[in-house]
$ cat structure.cif   # mmCIF, C-alpha atoms, pLDDT in the B column; chains and numbers go by the auth columns
data_query
loop_
_atom_site.group_PDB
_atom_site.id
_atom_site.type_symbol
_atom_site.label_atom_id
_atom_site.label_comp_id
_atom_site.label_asym_id
_atom_site.label_seq_id
_atom_site.Cartn_x
_atom_site.Cartn_y
_atom_site.Cartn_z
_atom_site.B_iso_or_equiv
_atom_site.auth_seq_id
_atom_site.auth_asym_id
ATOM 1 C CA MET A 1 -9.673 -28.137 28.506 56.00 1 G
ATOM 2 C CA LYS A 2 -13.000 -27.814 26.700 77.00 2 G
ATOM 3 C CA ASP A 3 -13.341 -25.868 23.475 91.00 3 G
ATOM 4 C CA MET A 4 -14.909 -22.479 24.080 95.00 4 G
ATOM 5 C CA TYR A 5 -16.583 -20.202 21.534 96.00 5 G
ATOM 6 C CA TYR A 6 -18.118 -16.759 21.358 97.00 6 G
ATOM 7 C CA GLU A 7 -21.044 -16.251 18.979 97.00 7 G
ATOM 8 C CA MET A 8 -21.593 -12.878 17.387 97.00 8 G
ATOM 9 C CA THR A 9 -23.127 -11.251 14.328 98.00 9 G
ATOM 10 C CA ILE A 10 -20.796 -9.237 12.128 98.00 10 G
ATOM 11 C CA ALA A 11 -22.143 -7.351 9.095 98.00 11 G
ATOM 12 C CA GLY A 12 -25.248 -9.551 9.205 98.00 12 G
ATOM 13 C CA CYS A 13 -23.279 -12.827 9.370 98.00 13 G
ATOM 14 C CA ARG A 14 -23.535 -15.020 12.476 98.00 14 G
ATOM 15 C CA ARG A 15 -20.234 -16.695 13.404 98.00 15 G
ATOM 16 C CA LYS A 16 -18.761 -18.753 16.269 97.00 16 G
ATOM 17 C CA LEU A 17 -15.280 -17.526 17.187 97.00 17 G
ATOM 18 C CA PRO A 18 -13.026 -20.021 18.972 97.00 18 G
ATOM 19 C CA LEU A 19 -11.547 -18.642 22.177 97.00 19 G
ATOM 20 C CA CYS A 20 -7.767 -18.870 22.342 94.00 20 G
ATOM 21 C CA PRO A 21 -5.614 -18.338 25.446 93.00 21 G
ATOM 22 C CA ILE A 22 -2.984 -15.616 25.280 89.00 22 G
ATOM 23 C CA SER A 23 -2.086 -15.994 28.971 91.00 23 G
ATOM 24 C CA ASP A 24 -3.182 -18.109 31.946 93.00 24 G
ATOM 25 C CA GLU A 25 -5.926 -15.600 32.705 94.00 25 G
ATOM 26 C CA LEU A 26 -6.927 -14.177 29.323 94.00 26 G
ATOM 27 C CA ASN A 27 -8.532 -15.475 26.129 94.00 27 G
ATOM 28 C CA ILE A 28 -9.267 -13.729 22.854 94.00 28 G
ATOM 29 C CA GLY A 29 -11.840 -14.563 20.219 95.00 29 G
ATOM 30 C CA ALA A 30 -10.065 -15.781 17.083 94.00 30 G
ATOM 31 C CA PHE A 31 -11.524 -13.919 14.129 95.00 31 G
ATOM 32 C CA VAL A 32 -10.336 -15.218 10.748 92.00 32 G
ATOM 33 C CA ILE A 33 -11.905 -14.234 7.438 95.00 33 G
ATOM 34 C CA PHE A 34 -9.717 -16.567 5.363 94.00 34 G
ATOM 35 C CA GLY A 35 -11.921 -19.047 3.527 95.00 35 G
ATOM 36 C CA ASP A 36 -15.145 -17.171 4.322 97.00 36 G
ATOM 37 C CA PRO A 37 -16.110 -15.128 1.239 97.00 37 G
ATOM 38 C CA GLU A 38 -19.620 -14.404 2.547 98.00 38 G
ATOM 39 C CA LEU A 39 -18.245 -12.749 5.691 98.00 39 G
ATOM 40 C CA THR A 40 -15.400 -11.040 3.819 98.00 40 G
ATOM 41 C CA THR A 41 -17.754 -9.451 1.285 98.00 41 G
ATOM 42 C CA ALA A 42 -20.310 -8.412 3.910 98.00 42 G
ATOM 43 C CA CYS A 43 -17.628 -6.784 6.088 98.00 43 G
ATOM 44 C CA ALA A 44 -15.945 -5.105 3.116 98.00 44 G
ATOM 45 C CA GLN A 45 -19.245 -3.560 1.990 98.00 45 G
ATOM 46 C CA ALA A 46 -20.113 -2.409 5.514 98.00 46 G
ATOM 47 C CA LEU A 47 -16.706 -0.738 5.864 98.00 47 G
ATOM 48 C CA ILE A 48 -16.847 0.877 2.406 98.00 48 G
ATOM 49 C CA ASP A 49 -20.257 2.307 3.342 98.00 49 G
ATOM 50 C CA ARG A 50 -18.608 4.082 6.304 98.00 50 G
ATOM 51 C CA ALA A 51 -15.191 4.890 4.813 98.00 51 G
ATOM 52 C CA PRO A 52 -13.942 8.471 4.888 98.00 52 G
ATOM 53 C CA ALA A 53 -12.673 10.109 1.695 98.00 53 G
ATOM 54 C CA HIS A 54 -9.329 8.614 0.688 98.00 54 G
ATOM 55 C CA ASP A 55 -7.064 8.118 -2.319 98.00 55 G
ATOM 56 C CA VAL A 56 -5.646 4.681 -1.497 98.00 56 G
ATOM 57 C CA MET A 57 -5.943 1.984 1.187 98.00 57 G
ATOM 58 C CA ILE A 58 -3.198 0.088 3.025 98.00 58 G
ATOM 59 C CA THR A 59 -3.232 -3.077 5.151 97.00 59 G
ATOM 60 C CA ALA A 60 -0.723 -5.457 6.679 93.00 60 G
ATOM 61 C CA GLU A 61 -0.042 -8.982 5.520 88.00 61 G
ATOM 62 C CA SER A 62 -1.851 -11.337 5.924 82.00 62 G
ATOM 63 C CA LYS A 63 -5.401 -11.405 7.339 87.00 63 G
ATOM 64 C CA GLY A 64 -6.121 -7.948 5.947 92.00 64 G
ATOM 65 C CA ILE A 65 -5.466 -9.076 2.355 95.00 65 G
ATOM 66 C CA PRO A 66 -8.850 -10.600 1.467 97.00 66 G
ATOM 67 C CA LEU A 67 -10.617 -7.705 3.198 97.00 67 G
ATOM 68 C CA ILE A 68 -8.769 -4.900 1.420 98.00 68 G
ATOM 69 C CA CYS A 69 -8.946 -6.720 -1.914 97.00 69 G
ATOM 70 C CA GLU A 70 -12.730 -6.985 -1.597 98.00 70 G
ATOM 71 C CA MET A 71 -13.038 -3.386 -0.402 98.00 71 G
ATOM 72 C CA ALA A 72 -11.098 -2.205 -3.449 98.00 72 G
ATOM 73 C CA ARG A 73 -13.178 -4.370 -5.785 98.00 73 G
ATOM 74 C CA LEU A 74 -16.502 -3.209 -4.339 98.00 74 G
ATOM 75 C CA SER A 75 -15.527 0.467 -4.430 97.00 75 G
ATOM 76 C CA GLY A 76 -13.978 0.324 -7.908 97.00 76 G
ATOM 77 C CA GLU A 77 -10.495 1.256 -6.686 96.00 77 G
ATOM 78 C CA LYS A 78 -7.761 0.070 -9.012 95.00 78 G
ATOM 79 C CA ARG A 79 -4.988 -0.258 -6.428 96.00 79 G
ATOM 80 C CA TYR A 80 -4.316 -0.875 -2.755 97.00 80 G
ATOM 81 C CA ILE A 81 -1.067 -1.070 -0.781 97.00 81 G
ATOM 82 C CA LEU A 82 0.169 -4.089 1.162 95.00 82 G
ATOM 83 C CA ALA A 83 2.788 -3.950 3.912 93.00 83 G
ATOM 84 C CA ARG A 84 4.646 -7.270 3.796 89.00 84 G
ATOM 85 C CA LYS A 85 6.042 -9.154 6.797 86.00 85 G
ATOM 86 C CA SER A 86 9.460 -9.354 5.198 79.00 86 G
ATOM 87 C CA PRO A 87 11.175 -7.756 2.207 74.00 87 G
ATOM 88 C CA LYS A 88 10.651 -9.646 -1.056 79.00 88 G
ATOM 89 C CA LEU A 89 13.103 -9.918 -3.937 74.00 89 G
ATOM 90 C CA TYR A 90 11.066 -7.577 -6.127 82.00 90 G
ATOM 91 C CA MET A 91 11.000 -4.816 -3.496 74.00 91 G
ATOM 92 C CA ARG A 92 13.344 -1.825 -3.797 82.00 92 G
ATOM 93 C CA ASP A 93 14.087 1.055 -1.399 82.00 93 G
ATOM 94 C CA VAL A 94 12.163 -0.726 1.368 83.00 94 G
ATOM 95 C CA PHE A 95 10.606 1.194 4.278 82.00 95 G
ATOM 96 C CA VAL A 96 10.454 -0.837 7.535 80.00 96 G
ATOM 97 C CA SER A 97 8.454 -0.573 10.767 84.00 97 G
ATOM 98 C CA GLU A 98 8.437 -2.962 13.736 79.00 98 G
ATOM 99 C CA VAL A 99 5.314 -4.309 15.439 74.00 99 G
ATOM 100 C CA ARG A 100 4.491 -6.575 18.372 66.00 100 G
ATOM 101 C CA SER A 101 0.978 -7.924 17.909 59.00 101 G
ATOM 102 C CA ILE A 102 -1.179 -9.474 20.646 54.00 102 G
ATOM 103 C CA THR A 103 -1.447 -12.668 18.556 54.00 103 G
ATOM 104 C CA THR A 104 2.277 -13.053 17.873 55.00 104 G
ATOM 105 C CA ASP A 105 4.923 -13.977 20.431 60.00 105 G
ATOM 106 C CA HIS A 106 7.755 -12.033 18.791 62.00 106 G
ATOM 107 C CA VAL A 107 8.514 -8.685 17.191 74.00 107 G
ATOM 108 C CA GLN A 108 7.571 -8.600 13.508 80.00 108 G
ATOM 109 C CA THR A 109 8.494 -6.205 10.761 87.00 109 G
ATOM 110 C CA LEU A 110 6.235 -4.577 8.227 91.00 110 G
ATOM 111 C CA CYS A 111 7.908 -3.688 4.947 90.00 111 G
ATOM 112 C CA LEU A 112 6.753 -1.294 2.268 92.00 112 G
ATOM 113 C CA ASP A 113 8.105 -1.311 -1.272 94.00 113 G
ATOM 114 C CA GLY A 114 9.631 2.004 -2.328 92.00 114 G
ATOM 115 C CA ALA A 115 7.343 2.153 -5.377 95.00 115 G
ATOM 116 C CA ASP A 116 4.288 1.853 -3.108 95.00 116 G
ATOM 117 C CA ALA A 117 5.742 4.529 -0.842 94.00 117 G
ATOM 118 C CA ALA A 118 6.198 6.847 -3.821 95.00 118 G
ATOM 119 C CA PHE A 119 2.597 6.161 -4.881 97.00 119 G
ATOM 120 C CA MET A 120 1.314 7.138 -1.393 95.00 120 G
ATOM 121 C CA ARG A 121 3.291 10.385 -1.204 97.00 121 G
ATOM 122 C CA GLY A 122 0.883 13.287 -0.803 98.00 122 G
ATOM 123 C CA LYS A 123 -2.187 11.032 -0.841 98.00 123 G
ATOM 124 C CA ARG A 124 -4.935 10.429 1.713 98.00 124 G
ATOM 125 C CA VAL A 125 -4.380 6.882 2.961 98.00 125 G
ATOM 126 C CA LEU A 126 -7.041 4.748 4.639 98.00 126 G
ATOM 127 C CA VAL A 127 -5.520 2.212 7.057 98.00 127 G
ATOM 128 C CA VAL A 128 -7.506 -1.055 7.106 97.00 128 G
ATOM 129 C CA ASP A 129 -7.180 -4.086 9.392 95.00 129 G
ATOM 130 C CA ASP A 130 -9.315 -7.053 10.390 95.00 130 G
ATOM 131 C CA VAL A 131 -9.079 -6.603 14.185 95.00 131 G
ATOM 132 C CA ILE A 132 -7.566 -3.771 16.205 93.00 132 G
ATOM 133 C CA SER A 133 -6.673 -4.653 19.766 89.00 133 G
ATOM 134 C CA THR A 134 -3.534 -3.071 21.189 86.00 134 G
ATOM 135 C CA GLY A 135 -3.182 -0.794 18.178 88.00 135 G
ATOM 136 C CA GLU A 136 0.412 -1.907 17.533 89.00 136 G
ATOM 137 C CA SER A 137 -0.196 -3.080 13.949 89.00 137 G
ATOM 138 C CA LEU A 138 -2.110 0.122 13.288 91.00 138 G
ATOM 139 C CA ARG A 139 0.774 2.193 14.691 92.00 139 G
ATOM 140 C CA ALA A 140 3.295 0.367 12.493 91.00 140 G
ATOM 141 C CA LEU A 141 1.167 0.906 9.367 94.00 141 G
ATOM 142 C CA GLU A 142 0.740 4.588 10.207 95.00 142 G
ATOM 143 C CA GLU A 143 4.503 4.905 10.652 94.00 143 G
ATOM 144 C CA LEU A 144 5.018 3.503 7.135 94.00 144 G
ATOM 145 C CA VAL A 145 2.418 5.890 5.693 96.00 145 G
ATOM 146 C CA LYS A 146 4.087 8.886 7.360 96.00 146 G
ATOM 147 C CA LYS A 147 7.594 7.794 6.281 94.00 147 G
ATOM 148 C CA ALA A 148 6.251 7.620 2.730 95.00 148 G
ATOM 149 C CA GLY A 149 4.794 11.126 2.944 97.00 149 G
ATOM 150 C CA GLY A 150 1.153 10.043 2.996 98.00 150 G
ATOM 151 C CA GLU A 151 -1.622 11.531 5.112 98.00 151 G
ATOM 152 C CA ILE A 152 -3.777 9.294 7.339 98.00 152 G
ATOM 153 C CA ALA A 153 -7.353 9.655 6.067 98.00 153 G
ATOM 154 C CA GLY A 154 -8.815 7.227 8.594 98.00 154 G
ATOM 155 C CA ARG A 155 -8.478 3.948 10.444 98.00 155 G
ATOM 156 C CA MET A 156 -10.921 1.072 9.901 97.00 156 G
ATOM 157 C CA ALA A 157 -11.347 -2.462 11.154 97.00 157 G
ATOM 158 C CA ILE A 158 -13.992 -5.123 11.217 98.00 158 G
ATOM 159 C CA LEU A 159 -13.613 -5.599 14.973 97.00 159 G
ATOM 160 C CA ALA A 160 -12.160 -3.638 17.877 97.00 160 G
ATOM 161 C CA GLU A 161 -11.243 -5.382 21.110 94.00 161 G
ATOM 162 C CA GLY A 162 -9.794 -4.363 24.451 89.00 162 G
ATOM 163 C CA ASP A 163 -8.592 -0.767 24.683 89.00 163 G
ATOM 164 C CA ALA A 164 -9.317 -0.198 20.989 93.00 164 G
ATOM 165 C CA THR A 165 -13.061 -0.148 21.732 94.00 165 G
ATOM 166 C CA ARG A 166 -12.558 3.088 23.667 94.00 166 G
ATOM 167 C CA ARG A 167 -10.730 4.909 20.881 94.00 167 G
ATOM 168 C CA ASP A 168 -12.699 7.492 18.938 94.00 168 G
ATOM 169 C CA ASP A 169 -10.320 7.575 15.964 96.00 169 G
ATOM 170 C CA ILE A 170 -11.155 4.072 14.698 97.00 170 G
ATOM 171 C CA ILE A 171 -14.164 3.157 12.591 98.00 171 G
ATOM 172 C CA TYR A 172 -15.166 -0.454 13.273 98.00 172 G
ATOM 173 C CA LEU A 173 -18.184 -2.663 12.797 98.00 173 G
ATOM 174 C CA GLU A 174 -18.422 -4.510 16.118 98.00 174 G
ATOM 175 C CA LYS A 175 -16.827 -4.755 19.551 97.00 175 G
ATOM 176 C CA LEU A 176 -15.154 -8.066 20.386 97.00 176 G
ATOM 177 C CA PRO A 177 -14.766 -8.540 24.136 96.00 177 G
ATOM 178 C CA LEU A 178 -11.764 -10.067 25.821 95.00 178 G
ATOM 179 C CA PHE A 179 -12.491 -13.205 27.868 96.00 179 G
ATOM 180 C CA ASP A 180 -11.379 -14.572 31.210 95.00 180 G
ATOM 181 C CA ARG A 181 -9.868 -18.047 31.597 94.00 181 G
ATOM 182 C CA ASP A 182 -13.370 -19.599 31.747 94.00 182 G
ATOM 183 C CA GLY A 183 -14.557 -17.879 28.560 95.00 183 G
ATOM 184 C CA ASN A 184 -16.628 -15.169 30.230 95.00 184 G
ATOM 185 C CA PRO A 185 -16.561 -11.748 28.537 95.00 185 G
ATOM 186 C CA ILE A 186 -14.551 -9.097 30.376 92.00 186 G
ATOM 187 C CA GLY A 187 -15.825 -5.536 30.477 71.00 187 G
#

$ encode --input "structure.cif" --output "structure tokens"
Amino acid sequence: MKDMYYEMTIAGCRRKLPLCPISDELNIGAFVIFGDPELTTACAQALIDRAPAHDVMITAESKGIPLICEMARLSGEKRYILARKSPKLYMRDVFVSEVRSITTDHVQTLCLDGADAAFMRGKRVLVVDDVISTGESLRALEELVKKAGGEIAGRMAILAEGDATRRDDIIYLEKLPLFDRDGNPIG
């Protein structure tokens, strides 16, 4: 099988995304900001420029980490919240939500430290992710925010793909199509 790519411009940065099969008939464009500070900073600034009023931001481990860190730095925010994939030794009174992502072949958990939950209580929380596709990761993050007593201020992502492109409650920078088995964009 030949390597297939999709080229697109995101926040002024041109990138080639490798296409990865998720079934015999469907490919997705793999978008990874790890190791790409130019793209991370450009996307973070573009999202901050469009962000609704909020008191704190939350993302899920792991691809959202460089994005939310840069968003916080650029906007002068002193803290952000991270939902971990498993409870860590330092975490107390852990809140848990389950998620099945399009890029993972098993159910995952997202865990929130009780101290972070207490910090979110009564605050406007901006949910941030790199790519929203099925919305499952977003749903799991929102569940954690609500369990903690926070209020969803908005939902943001760099890219939206699939059904997420039709949602009007997500702020995103670009649409990422899904692809057929031959690498042709669908829809």

$ residues_around --input "structure.cif" --residues "Leu173 (chain G)" --least-positions-apart "3" --cutoff "12 Å" --atoms "all atoms listed in the file" --output "PyMOL selection string"
chain G and resi 8-13+42-51+129-132+155-161+165+170+176

$ residues_around --input "structure.cif" --residues "Glu98 (chain G)" --least-positions-apart "6" --cutoff "7 Å" --atoms "all atoms listed in the file" --output "PyMOL selection string"
chain G and resi 107-110+140

$ closest_residue --input "structure.cif" --among "G:Met4, G:Ala117, G:Met91, G:Val56" --to "Ala30 (chain G)" --atoms "all atoms listed in the file"
G:Met4

$ resolve_selection --input "structure.cif" --expression "the PyMOL selection byres ((chain G and resi 67) around 12)" --output "PyMOL selection string"
chain G and resi 32-48+57-66+68-74+80+82+127-131+156-158

$ atom_distance --input "structure.cif" --atom1 "CA of Pro177 (chain G)" --atom2 "CA of Asp3 (chain G)"
17.4 Å

$ atom_distance --input "structure.cif" --atom1 "CA of Asp168 (chain G)" --atom2 "CA of Phe95 (chain G)"
28.2 Å

$ closest_residue --input "structure.cif" --among "G:Val96, G:Glu25, G:Lys78, G:Leu178" --to "Glu143 (chain G)" --atoms "only C-alpha atoms"
G:Val96

$ residues_near_point --input "structure.cif" --point "(14.1, -0.2, -0.9)" --cutoff "10 Å" --atoms "only C-alpha atoms" --output "ChimeraX atom specification"
/G:87,90-96,111-115,117

$ atom_distance --input "structure.cif" --atom1 "CA of Tyr5 (chain G)" --atom2 "CA of Pro18 (chain G)"
4.4 Å

$ closest_residue --input "structure.cif" --among "G:Ser75, G:Arg121, G:Val99, G:Leu26" --to "Ala53 (chain G)" --atoms "all atoms listed in the file"
G:Ser75

$ closest_residue --input "structure.cif" --among "G:Gly29, G:Pro21, G:Pro52, G:Gly162" --to "Val125 (chain G)" --atoms "all atoms listed in the file"
G:Pro52

$ resolve_selection --input "structure.cif" --expression "the PyMOL selection byres ((chain G and resi 55) around 6)" --output "PyMOL selection string"
chain G and resi 54+56+123-124

$ write_last_selection --input "structure.cif" --atoms "C-alpha atoms" --output "tab-separated table (two decimals), in the coordinates of the input"
chain	number	residue	atom	x	y	z
G	54	HIS	CA	-9.33	8.61	0.69
G	56	VAL	CA	-5.65	4.68	-1.50
G	123	LYS	CA	-2.19	11.03	-0.84
G	124	ARG	CA	-4.93	10.43	1.71

$ closest_residue --input "structure.cif" --among "G:Arg14, G:Ala164, G:Ala83, G:Glu174" --to "Glu142 (chain G)" --atoms "all atoms listed in the file"
G:Ala83

$ resolve_selection --input "structure.cif" --expression "the PyMOL selection byres ((chain G and resi 181) around 9)" --output "list in words"
Pro21, Ser23, Asp24, Glu25, Leu26, Asn27, Phe179, Asp180, Asp182, Gly183 and Asn184 of chain G

$ write_last_selection --input "structure.cif" --atoms "C-alpha atoms" --output "compact mmCIF listing (two decimals), in the frame of the given file"
# COMPACT_ATOMS: atom_id res chain seq x y z
CA PRO G 21 -5.61 -18.34 25.45
CA SER G 23 -2.09 -15.99 28.97
CA ASP G 24 -3.18 -18.11 31.95
CA GLU G 25 -5.93 -15.60 32.70
CA LEU G 26 -6.93 -14.18 29.32
CA ASN G 27 -8.53 -15.48 26.13
CA PHE G 179 -12.49 -13.20 27.87
CA ASP G 180 -11.38 -14.57 31.21
CA ASP G 182 -13.37 -19.60 31.75
CA GLY G 183 -14.56 -17.88 28.56
CA ASN G 184 -16.63 -15.17 30.23

$ decode --input "structure.cif" --residues "region 128-150 of chain G" --atoms "C-alpha atoms" --output "PDB file, in the first residue's frame"
ATOM      1  CA  VAL G 128     -10.030  22.457  24.314  1.00  0.00           C
ATOM      2  CA  ASP G 129      -8.947  19.590  22.049  1.00  0.00           C
ATOM      3  CA  ASP G 130      -6.749  19.143  18.995  1.00  0.00           C
ATOM      4  CA  VAL G 131      -9.305  17.349  16.780  1.00  0.00           C
ATOM      5  CA  ILE G 132     -12.996  16.700  17.368  1.00  0.00           C
ATOM      6  CA  SER G 133     -14.464  13.883  15.328  1.00  0.00           C
ATOM      7  CA  THR G 134     -17.097  11.737  17.012  1.00  0.00           C
ATOM      8  CA  GLY G 135     -17.284  14.095  19.976  1.00  0.00           C
ATOM      9  CA  GLU G 136     -16.657  11.283  22.480  1.00  0.00           C
ATOM     10  CA  SER G 137     -13.573  12.878  24.072  1.00  0.00           C
ATOM     11  CA  LEU G 138     -15.436  16.172  24.238  1.00  0.00           C
ATOM     12  CA  ARG G 139     -18.408  14.464  25.920  1.00  0.00           C
ATOM     13  CA  ALA G 140     -16.137  12.819  28.501  1.00  0.00           C
ATOM     14  CA  LEU G 141     -14.422  16.136  29.307  1.00  0.00           C
ATOM     15  CA  GLU G 142     -17.785  17.875  29.638  1.00  0.00           C
ATOM     16  CA  GLU G 143     -18.956  15.127  31.989  1.00  0.00           C
ATOM     17  CA  LEU G 144     -15.925  15.772  34.223  1.00  0.00           C
ATOM     18  CA  VAL G 145     -16.568  19.530  34.183  1.00  0.00           C
ATOM     19  CA  LYS G 146     -20.218  19.025  35.163  1.00  0.00           C
ATOM     20  CA  LYS G 147     -19.348  16.497  37.903  1.00  0.00           C
ATOM     21  CA  ALA G 148     -16.956  19.102  39.295  1.00  0.00           C
ATOM     22  CA  GLY G 149     -19.641  21.796  39.287  1.00  0.00           C
ATOM     23  CA  GLY G 150     -18.156  23.831  36.443  1.00  0.00           C
TER      24      GLY G 150
END
